[in-house]
Every structure is written in C-alpha cells, then in structure tokens.
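Undergrad: Below is the file model27.cif, which contains mmCIF, C-alpha atoms and all ligand atoms.
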```cif
data_coords
#
loop_
_atom_site.group_PDB
_atom_site.id
_atom_site.type_symbol
_atom_site.label_atom_id
_atom_site.label_comp_id
_atom_site.auth_asym_id
_atom_site.auth_seq_id
_atom_site.Cartn_x
_atom_site.Cartn_y
_atom_site.Cartn_z
ATOM 1 C CA MET S 72 -22.705 -9.233 -3.030
ATOM 2 C CA ILE S 73 -20.556 -8.112 -0.129
ATOM 3 C CA ASP S 74 -21.717 -5.078 1.843
ATOM 4 C CA ILE S 75 -18.865 -2.645 1.181
ATOM 5 C CA LYS S 76 -20.227 -0.213 3.829
ATOM 6 C CA GLN S 77 -19.456 -2.797 6.512
ATOM 7 C CA ILE S 78 -15.929 -3.299 5.149
ATOM 8 C CA LYS S 79 -15.309 0.444 5.119
ATOM 9 C CA GLU S 80 -16.642 0.787 8.660
ATOM 10 C CA PHE S 81 -14.374 -2.067 9.783
ATOM 11 C CA ALA S 82 -11.345 -0.262 8.297
ATOM 12 C CA ARG S 83 -12.379 3.063 9.865
ATOM 13 C CA LYS S 84 -12.795 1.506 13.313
ATOM 14 C CA ASN S 85 -9.597 -0.533 13.280
ATOM 15 C CA LEU S 86 -6.994 1.606 11.513
ATOM 16 C CA ASP S 87 -5.311 4.601 13.133
ATOM 17 C CA GLU S 88 -5.880 8.028 11.588
ATOM 18 C CA LEU S 89 -2.781 8.017 9.370
ATOM 19 C CA ASN S 90 -3.408 4.547 7.992
ATOM 20 C CA TYR S 91 -7.097 5.289 7.464
ATOM 21 C CA MET S 92 -6.239 8.463 5.496
ATOM 22 C CA HIS S 93 -3.792 6.457 3.363
ATOM 23 C CA THR S 94 -6.367 3.676 2.871
ATOM 24 C CA LYS S 95 -9.005 6.193 1.692
ATOM 25 C CA ASN S 96 -6.510 7.510 -0.893
ATOM 26 C CA VAL S 97 -5.710 3.960 -2.035
ATOM 27 C CA VAL S 98 -9.438 3.190 -2.510
ATOM 28 C CA LYS S 99 -9.868 6.301 -4.659
ATOM 29 C CA ILE S 100 -6.819 5.629 -6.839
ATOM 30 C CA ALA S 101 -7.550 1.883 -7.107
ATOM 31 C CA LEU S 102 -11.122 2.488 -8.306
ATOM 32 C CA ALA S 103 -9.879 4.901 -10.978
ATOM 33 C CA LEU S 104 -7.323 2.301 -12.139
ATOM 34 C CA ALA S 105 -9.923 -0.519 -12.028
ATOM 35 C CA GLU S 106 -12.151 1.483 -14.371
ATOM 36 C CA LYS S 107 -9.310 1.936 -16.896
ATOM 37 C CA GLU S 108 -8.060 -1.639 -16.625
ATOM 38 C CA GLY S 109 -11.539 -3.226 -16.775
ATOM 39 C CA ALA S 110 -10.985 -5.021 -13.456
ATOM 40 C CA ASP S 111 -13.449 -6.465 -10.912
ATOM 41 C CA LYS S 112 -14.376 -3.290 -9.014
ATOM 42 C CA GLU S 113 -15.951 -5.088 -6.060
ATOM 43 C CA VAL S 114 -12.788 -7.109 -5.412
ATOM 44 C CA VAL S 115 -10.601 -4.023 -5.938
ATOM 45 C CA GLU S 116 -12.592 -1.827 -3.553
ATOM 46 C CA ILE S 117 -12.768 -4.415 -0.764
ATOM 47 C CA ALA S 118 -9.074 -5.247 -1.111
ATOM 48 C CA ALA S 119 -8.206 -1.543 -1.066
ATOM 49 C CA TRP S 120 -10.113 -0.988 2.205
ATOM 50 C CA LEU S 121 -8.444 -4.030 3.770
ATOM 51 C CA HIS S 122 -4.929 -4.009 2.259
ATOM 52 C CA ASP S 123 -3.299 -2.511 5.390
ATOM 53 C CA ILE S 124 -5.715 -3.949 7.959
ATOM 54 C CA GLY S 125 -2.832 -6.052 9.332
ATOM 55 C CA LYS S 126 -1.441 -2.824 10.797
ATOM 56 C CA SER S 127 -4.310 -2.884 13.306
ATOM 57 C CA ASP S 128 -2.873 -6.054 14.895
ATOM 58 C CA LYS S 129 -0.781 -5.315 17.990
ATOM 59 C CA ASN S 130 1.886 -7.742 16.724
ATOM 60 C CA SER S 131 2.261 -5.874 13.449
ATOM 61 C CA THR S 132 5.813 -5.041 12.292
ATOM 62 C CA PRO S 133 6.964 -3.493 9.002
ATOM 63 C CA ILE S 134 7.597 -6.972 7.560
ATOM 64 C CA ASN S 135 4.505 -8.914 8.618
ATOM 65 C CA HIS S 136 1.404 -6.729 8.186
ATOM 66 C CA HIS S 137 0.525 -8.407 4.874
ATOM 67 C CA SER S 138 0.192 -11.890 6.441
ATOM 68 C CA LEU S 139 -1.576 -10.561 9.549
ATOM 69 C CA GLY S 140 -3.933 -8.707 7.212
ATOM 70 C CA VAL S 141 -4.795 -11.879 5.298
ATOM 71 C CA LYS S 142 -5.994 -13.539 8.522
ATOM 72 C CA ILE S 143 -8.096 -10.552 9.603
ATOM 73 C CA ALA S 144 -9.626 -10.135 6.121
ATOM 74 C CA GLU S 145 -10.381 -13.837 5.793
ATOM 75 C CA ASP S 146 -12.203 -13.883 9.168
ATOM 76 C CA LEU S 147 -14.186 -10.775 8.302
ATOM 77 C CA LEU S 148 -15.159 -11.968 4.823
ATOM 78 C CA ASN S 149 -16.174 -15.394 6.135
ATOM 79 C CA LYS S 150 -18.301 -13.681 8.786
ATOM 80 C CA LEU S 151 -19.964 -11.605 6.054
ATOM 81 C CA GLN S 152 -20.493 -14.814 4.014
ATOM 82 C CA ALA S 153 -18.526 -13.531 1.059
ATOM 83 C CA ASP S 154 -18.059 -15.708 -2.010
ATOM 84 C CA THR S 155 -15.138 -18.106 -1.428
ATOM 85 C CA GLN S 156 -13.439 -17.317 -4.742
ATOM 86 C CA LYS S 157 -13.605 -13.550 -4.092
ATOM 87 C CA THR S 158 -12.241 -14.050 -0.572
ATOM 88 C CA LYS S 159 -9.322 -15.984 -2.068
ATOM 89 C CA GLU S 160 -8.634 -13.228 -4.602
ATOM 90 C CA ILE S 161 -8.785 -10.507 -1.943
ATOM 91 C CA CYS S 162 -6.406 -12.462 0.308
ATOM 92 C CA HIS S 163 -3.887 -12.815 -2.554
ATOM 93 C CA ILE S 164 -4.086 -9.058 -3.154
ATOM 94 C CA ILE S 165 -3.377 -8.294 0.516
ATOM 95 C CA GLU S 166 -0.550 -10.801 0.662
ATOM 96 C CA ALA S 167 1.105 -9.412 -2.486
ATOM 97 C CA HIS S 168 0.936 -5.678 -1.787
ATOM 98 C CA MET S 169 4.385 -5.335 -0.160
ATOM 99 C CA GLY S 170 7.152 -3.662 -2.034
ATOM 100 C CA PRO S 171 9.170 -2.625 -3.862
ATOM 101 C CA PRO S 172 12.629 -4.007 -2.936
ATOM 102 C CA CYS S 173 14.066 -0.636 -1.845
ATOM 103 C CA LYS S 174 16.751 0.103 0.775
ATOM 104 C CA PHE S 175 14.106 0.302 3.525
ATOM 105 C CA TRP S 176 12.742 -3.201 2.914
ATOM 106 C CA LEU S 177 16.175 -4.693 2.354
ATOM 107 C CA SER S 178 17.452 -3.345 5.683
ATOM 108 C CA GLU S 179 14.297 -4.378 7.596
ATOM 109 C CA LEU S 180 14.533 -7.899 6.168
ATOM 110 C CA LYS S 181 18.300 -8.131 6.680
ATOM 111 C CA LYS S 182 17.713 -7.668 10.436
ATOM 112 C CA VAL S 183 15.962 -11.062 10.461
ATOM 113 C CA GLY S 184 18.194 -12.729 7.867
ATOM 114 C CA ARG S 185 15.806 -12.429 4.939
ATOM 115 C CA THR S 186 16.082 -10.913 1.472
ATOM 116 C CA PHE S 187 13.158 -9.411 -0.480
ATOM 117 C CA ASP S 188 10.941 -12.493 -0.522
ATOM 118 C CA PHE S 189 7.395 -11.094 -0.371
ATOM 119 C CA PRO S 190 4.820 -12.620 -2.755
ATOM 120 C CA ARG S 191 4.395 -10.534 -5.905
ATOM 121 C CA PRO S 192 1.036 -9.460 -7.398
ATOM 122 C CA ASN S 193 -0.179 -11.850 -10.121
ATOM 123 C CA ALA S 194 -3.795 -10.998 -10.860
ATOM 124 C CA LYS S 195 -4.849 -7.758 -12.571
ATOM 125 C CA GLU S 196 -6.706 -6.679 -9.408
ATOM 126 C CA ALA S 197 -3.583 -7.348 -7.286
ATOM 127 C CA LYS S 198 -1.444 -5.221 -9.614
ATOM 128 C CA ILE S 199 -3.995 -2.409 -9.327
ATOM 129 C CA ILE S 200 -3.887 -2.372 -5.504
ATOM 130 C CA TYR S 201 -0.099 -2.601 -5.618
ATOM 131 C CA ASP S 202 0.033 0.422 -7.934
ATOM 132 C CA ALA S 203 -2.534 2.436 -5.957
ATOM 133 C CA ASP S 204 -0.555 1.816 -2.756
ATOM 134 C CA MET S 205 2.692 2.862 -4.491
ATOM 135 C CA ILE S 206 1.134 5.979 -6.060
ATOM 136 C CA ASP S 207 -0.100 7.142 -2.664
ATOM 137 C CA LEU S 208 3.411 6.501 -1.320
ATOM 138 C CA PHE S 209 4.994 9.031 -3.700
ATOM 139 C CA SER S 210 2.060 11.496 -3.565
ATOM 140 C CA PRO S 211 2.556 14.653 -1.445
ATOM 141 C CA PHE S 212 0.669 12.954 1.430
ATOM 142 C CA GLY S 213 2.791 9.811 1.114
ATOM 143 C CA ILE S 214 6.108 11.646 1.113
ATOM 144 C CA ALA S 215 5.101 13.760 4.128
ATOM 145 C CA LYS S 216 4.053 10.532 5.879
ATOM 146 C CA LEU S 217 7.338 8.757 5.074
ATOM 147 C CA ILE S 218 9.435 11.639 6.408
ATOM 148 C CA TYR S 219 7.248 11.899 9.524
ATOM 149 C CA LEU S 220 7.408 8.153 10.269
ATOM 150 C CA ARG S 221 11.143 7.924 9.732
ATOM 151 C CA THR S 222 11.903 10.886 12.003
ATOM 152 C CA LYS S 223 9.444 9.486 14.558
ATOM 153 C CA SER S 224 11.353 6.193 14.562
ATOM 154 C CA GLY S 225 14.509 8.081 15.541
ATOM 155 C CA LYS S 226 16.215 8.647 12.167
ATOM 156 C CA ASP S 227 17.739 12.077 11.652
ATOM 157 C CA PHE S 228 15.900 14.579 9.478
ATOM 158 C CA LEU S 229 18.174 14.482 6.401
ATOM 159 C CA ASP S 230 18.388 10.671 6.488
ATOM 160 C CA SER S 231 14.602 10.577 6.643
ATOM 161 C CA ILE S 232 14.332 12.740 3.531
ATOM 162 C CA GLU S 233 16.895 10.558 1.715
ATOM 163 C CA GLY S 234 15.001 7.407 2.766
ATOM 164 C CA ALA S 235 11.697 8.868 1.571
ATOM 165 C CA LYS S 236 13.294 9.732 -1.788
ATOM 166 C CA ASP S 237 14.672 6.222 -2.190
ATOM 167 C CA SER S 238 11.269 4.660 -1.397
ATOM 168 C CA ALA S 239 9.400 7.074 -3.689
ATOM 169 C CA PHE S 240 11.693 6.408 -6.672
ATOM 170 C CA ALA S 241 11.654 2.629 -6.113
ATOM 171 C CA ALA S 242 7.832 2.703 -5.901
ATOM 172 C CA TYR S 243 7.475 4.619 -9.174
ATOM 173 C CA ASN S 244 9.913 2.328 -10.978
ATOM 174 C CA ASP S 245 8.031 -0.773 -9.847
ATOM 175 C CA LEU S 246 4.506 0.173 -10.999
ATOM 176 C CA GLN S 247 2.797 -2.850 -12.534
ATOM 177 C CA THR S 248 0.066 -1.487 -14.822
ATOM 178 C CA ARG S 249 -0.026 0.929 -17.731
ATOM 179 C CA SER S 250 -2.832 2.916 -16.069
ATOM 180 C CA GLY S 251 -0.799 3.080 -12.867
ATOM 181 C CA ARG S 252 2.154 4.567 -14.747
ATOM 182 C CA GLU S 253 -0.101 7.098 -16.509
ATOM 183 C CA PHE S 254 -1.971 8.023 -13.330
ATOM 184 C CA GLY S 255 1.212 8.189 -11.232
ATOM 185 C CA GLU S 256 3.205 10.358 -13.601
ATOM 186 C CA LYS S 257 2.045 13.758 -12.377
ATOM 187 C CA TYR S 258 2.529 12.786 -8.717
ATOM 188 C CA PHE S 259 5.984 11.457 -9.493
ATOM 189 C CA LYS S 260 7.002 14.611 -11.372
ATOM 190 C CA ALA S 261 5.930 16.662 -8.337
ATOM 191 C CA ALA S 262 7.918 14.328 -6.073
ATOM 192 C CA GLU S 263 11.043 14.653 -8.244
ATOM 193 C CA GLU S 264 10.713 18.424 -8.156
ATOM 194 C CA PHE S 265 10.220 18.392 -4.386
ATOM 195 C CA PHE S 266 13.429 16.415 -3.796
ATOM 196 C CA GLU S 267 15.382 18.483 -6.351
ATOM 197 C CA LYS S 268 14.363 21.683 -4.601
ATOM 198 C CA ILE S 269 15.305 20.319 -1.195
ATOM 199 C CA GLU S 270 18.690 19.187 -2.511
ATOM 200 C CA GLY S 271 19.208 22.577 -4.215
ATOM 201 C CA THR S 272 18.847 24.592 -1.010
HETATM 202 FE FE FE O 301 0.965 -2.086 3.451
HETATM 203 FE FE FE O 302 -0.785 0.738 2.079
#
```
Since I need it in another form, could you write the structure as structure tokens?
Ligand SMILES: [Fe+2]
Ligand SMILES: [Fe+2]

TA:
Amino acid sequence: MIDIKQIKEFARKNLDELNYMHTKNVVKIALALAEKEGADKEVVEIAAWLHDIGKSDKNSTPINHHSLGVKIAEDLLNKLQADTQKTKEICHIIEAHMGPPCKFWLSELKKVGRTFDFPRPNAKEAKIIYDADMIDLFSPFGIAKLIYLRTKSGKDFLDSIEGAKDSAFAAYNDLQTRSGREFGEKYFKAAEEFFEKIEGT
C-alpha cells in the first residue's frame, strides 16, 4: 500500500496554486470515473495527484511536462517503496495524459518541428486520468484558466477566447471512456452555452 497522504502532500508542496487547484479537481473527477469503470482506485488516485507534477520542474515547457513528470513520480514512488508494477502503470498514465491534437498543441509542436506524437493512453486507468484532465479543461474553472493563461502569455483577449474554445471542443471530442462522456456532458453543454453567449454579444 502506498501512503496517498504523502503523495498528496508532495503535490501540494511542489505545484503552484493554479496547478494544485486543477490537480484537486482531476483527483475528484478521476475517482468518480474509476468507481463507474471498475478501475484500480489506488493507481488512479496516485496518478491523478502526480499527472502534472512535471510542471514543478524549472525546465518544464508546454510540450515536455509529461516526461519530466514521469521522472519525478518514479523517484518519489521508489523512495516510498511502491510496488514496481504499480509504479510502471502510474508512469504510463503520466506519460500518456497529453492531448488532444488541437490547434494549441499543433502550433507548440510545429515550433520544434514535431507533429502530435505524444503517447496515447492504453490502460483503463490511463484513459480515466486522460478524461478527468480533459473534463476539468472544459469545466468553468478550466475555461477561465485557459483564457487567463493565454492572455498572460501575450495573446490578445479575443484570440485567447477562441483558443480556449478550440481546446475545450477538442478535449470533449477526444474523451476515451463512456463514463467520461457521461460525466463531461453537463460541463460541455455549459461550455458551449458560454461560448455561444460570448459570440452572440
Ligand atoms: Fe498536463
Ligand atoms: Fe492536468
């Protein structure tokens, strides 16, 4: 058994406020999906707490936080003497949580001559974390965060809204589990309405 309290504390100490808030939402959604999908809840919860831990590395960029996160998680889990198989599963989940191939990713990757080549989620638990991360992305918190981060990076306000819409729609269309699609539906409807109202003004 891995002490989840220590994992949570590690995430709280190392992530900034915005990423910690997002991570807490992902844990909550992922556990609800794990229950419905009959998945390994221990693996799901640990992976949810650590999925964005790569963002705590000073060398983190939008296109590498998954691989940086794998290294940090592996070190931590080895230190906590976690089961080797579980560590492997958690590392796959972290590595495969990037996506979907929307305009944002395509332009970030194009800058370094890549196309959308991130590993995709294979295991049930990996699909659950992927979906929980995507659902939080098109939730009210996620959309506010996307618009904030894009304007902060220097994009103009309307472009930031358009970019957030593109990411939100791509995320909804790429959900991997049935429970994710059911759970995400009400958030997505609210997101659609939000963008329609903005466009209608
Ligand atoms: Fe991430
Ligand atoms: Fe995330």

Undergrad: Select, from S:His122, S:Arg185, S:Lys257, S:Arg249, the residue with the minimum atom-to-atom distance to S:Pro211, counting all atoms listed in the file.

TA: S:Lys257

Undergrad: So which residues touch S:Thr222 within 12 Å, counting all atoms listed in the file, skipping near sequence neighbours fewer than 5 positions away, as a ChimeraX atom specification?

TA: /S:215-217,227-235

Undergrad: Check what the PyMOL selection byres (((chain S and resi 94) around 9) and not hetatm) selects in the file above and give those residues as a VMD selection string.

TA: chain S and resid 82 86 89 to 93 95 to 99 119 to 123 204

Undergrad: Figure out the distance between atom CA of S:Ala262 and atom CA of S:Ile214, please, to one decimal in Å.

TA: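 So the answer is 7.9 Å.
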
Undergrad: How would you write, as a VMD selection string, the set of residues no farther than 10 Å from ligand FE 301 (chain O) when counting all atoms listed in the file?

TA: chain S and resid 90 93 to 94 121 to 126 133 to 137 140 165 to 170 201 204 to 205

Undergrad: Around (9.9, 11.2, -10.2) in the file's own coordinates, what residues are found within 10 Å if you use all atoms listed in the file, given back as a list in words?

TA: Phe209, Lys236, Ala239, Phe240, Ala241, Ala242, Tyr243, Asn244, Gly255, Glu256, Lys257, Tyr258, Phe259, Lys260, Ala261, Ala262, Glu263, Glu264, Phe265, Phe266 and Glu267 of chain S

Undergrad: On this structure, which residues satisfy the PyMOL selection byres (((chain S and resi 159) around 12) and not hetatm), written as a short mmCIF file (atom, residue, chain, number, x, y, z; two decimals) with C-alpha atoms, in the coordinates of the input?

TA:
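So the final result, stored in expr_36.cif, reads:
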```cif
data_model
loop_
_atom_site.label_atom_id
_atom_site.label_comp_id
_atom_site.auth_asym_id
_atom_site.auth_seq_id
_atom_site.Cartn_x
_atom_site.Cartn_y
_atom_site.Cartn_z
CA VAL S 114 -12.79 -7.11 -5.41
CA ALA S 118 -9.07 -5.25 -1.11
CA VAL S 141 -4.80 -11.88 5.30
CA LYS S 142 -5.99 -13.54 8.52
CA ALA S 144 -9.63 -10.14 6.12
CA GLU S 145 -10.38 -13.84 5.79
CA ASP S 146 -12.20 -13.88 9.17
CA LEU S 148 -15.16 -11.97 4.82
CA ASN S 149 -16.17 -15.39 6.14
CA ALA S 153 -18.53 -13.53 1.06
CA ASP S 154 -18.06 -15.71 -2.01
CA THR S 155 -15.14 -18.11 -1.43
CA GLN S 156 -13.44 -17.32 -4.74
CA LYS S 157 -13.60 -13.55 -4.09
CA THR S 158 -12.24 -14.05 -0.57
CA GLU S 160 -8.63 -13.23 -4.60
CA ILE S 161 -8.78 -10.51 -1.94
CA CYS S 162 -6.41 -12.46 0.31
CA HIS S 163 -3.89 -12.82 -2.55
CA ILE S 164 -4.09 -9.06 -3.15
CA ILE S 165 -3.38 -8.29 0.52
CA GLU S 166 -0.55 -10.80 0.66
CA ALA S 194 -3.80 -11.00 -10.86
CA ALA S 197 -3.58 -7.35 -7.29
#
```

Undergrad: Using all atoms listed in the file, which of S:Ile143, S:Ala101, S:Cys173, S:Ile75 sits nearest ligand FE 302 (chain O)?

TA: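 Looking at the shortest contact to ligand FE 302 (chain O), the residue is S:Ala101.
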
Undergrad: Quick check, in Å to one decimal: how far apart do atom CA of S:Lys107 and atom CA of S:Met72 lie?

TA: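 Those two atoms sit 22.3 Å apart.
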
Undergrad: Provide the atom CA of S:Ile218 to atom CA of S:Ser238 distance in Å, to one decimal place.

TA: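 Rounded to one decimal, the two atoms are 10.6 Å apart.
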
Undergrad: Mind giving me the axis-aligned box for stretch 186-202 of chain S with 3 Å on every side, centre plus edges in Å to one decimal, as lines of an AutoDock Vina configuration file?

TA:
```
center_x = 4.7
center_y = -6.1
center_z = -5.5
size_x = 28.8
size_y = 19.0
size_z = 20.0
```
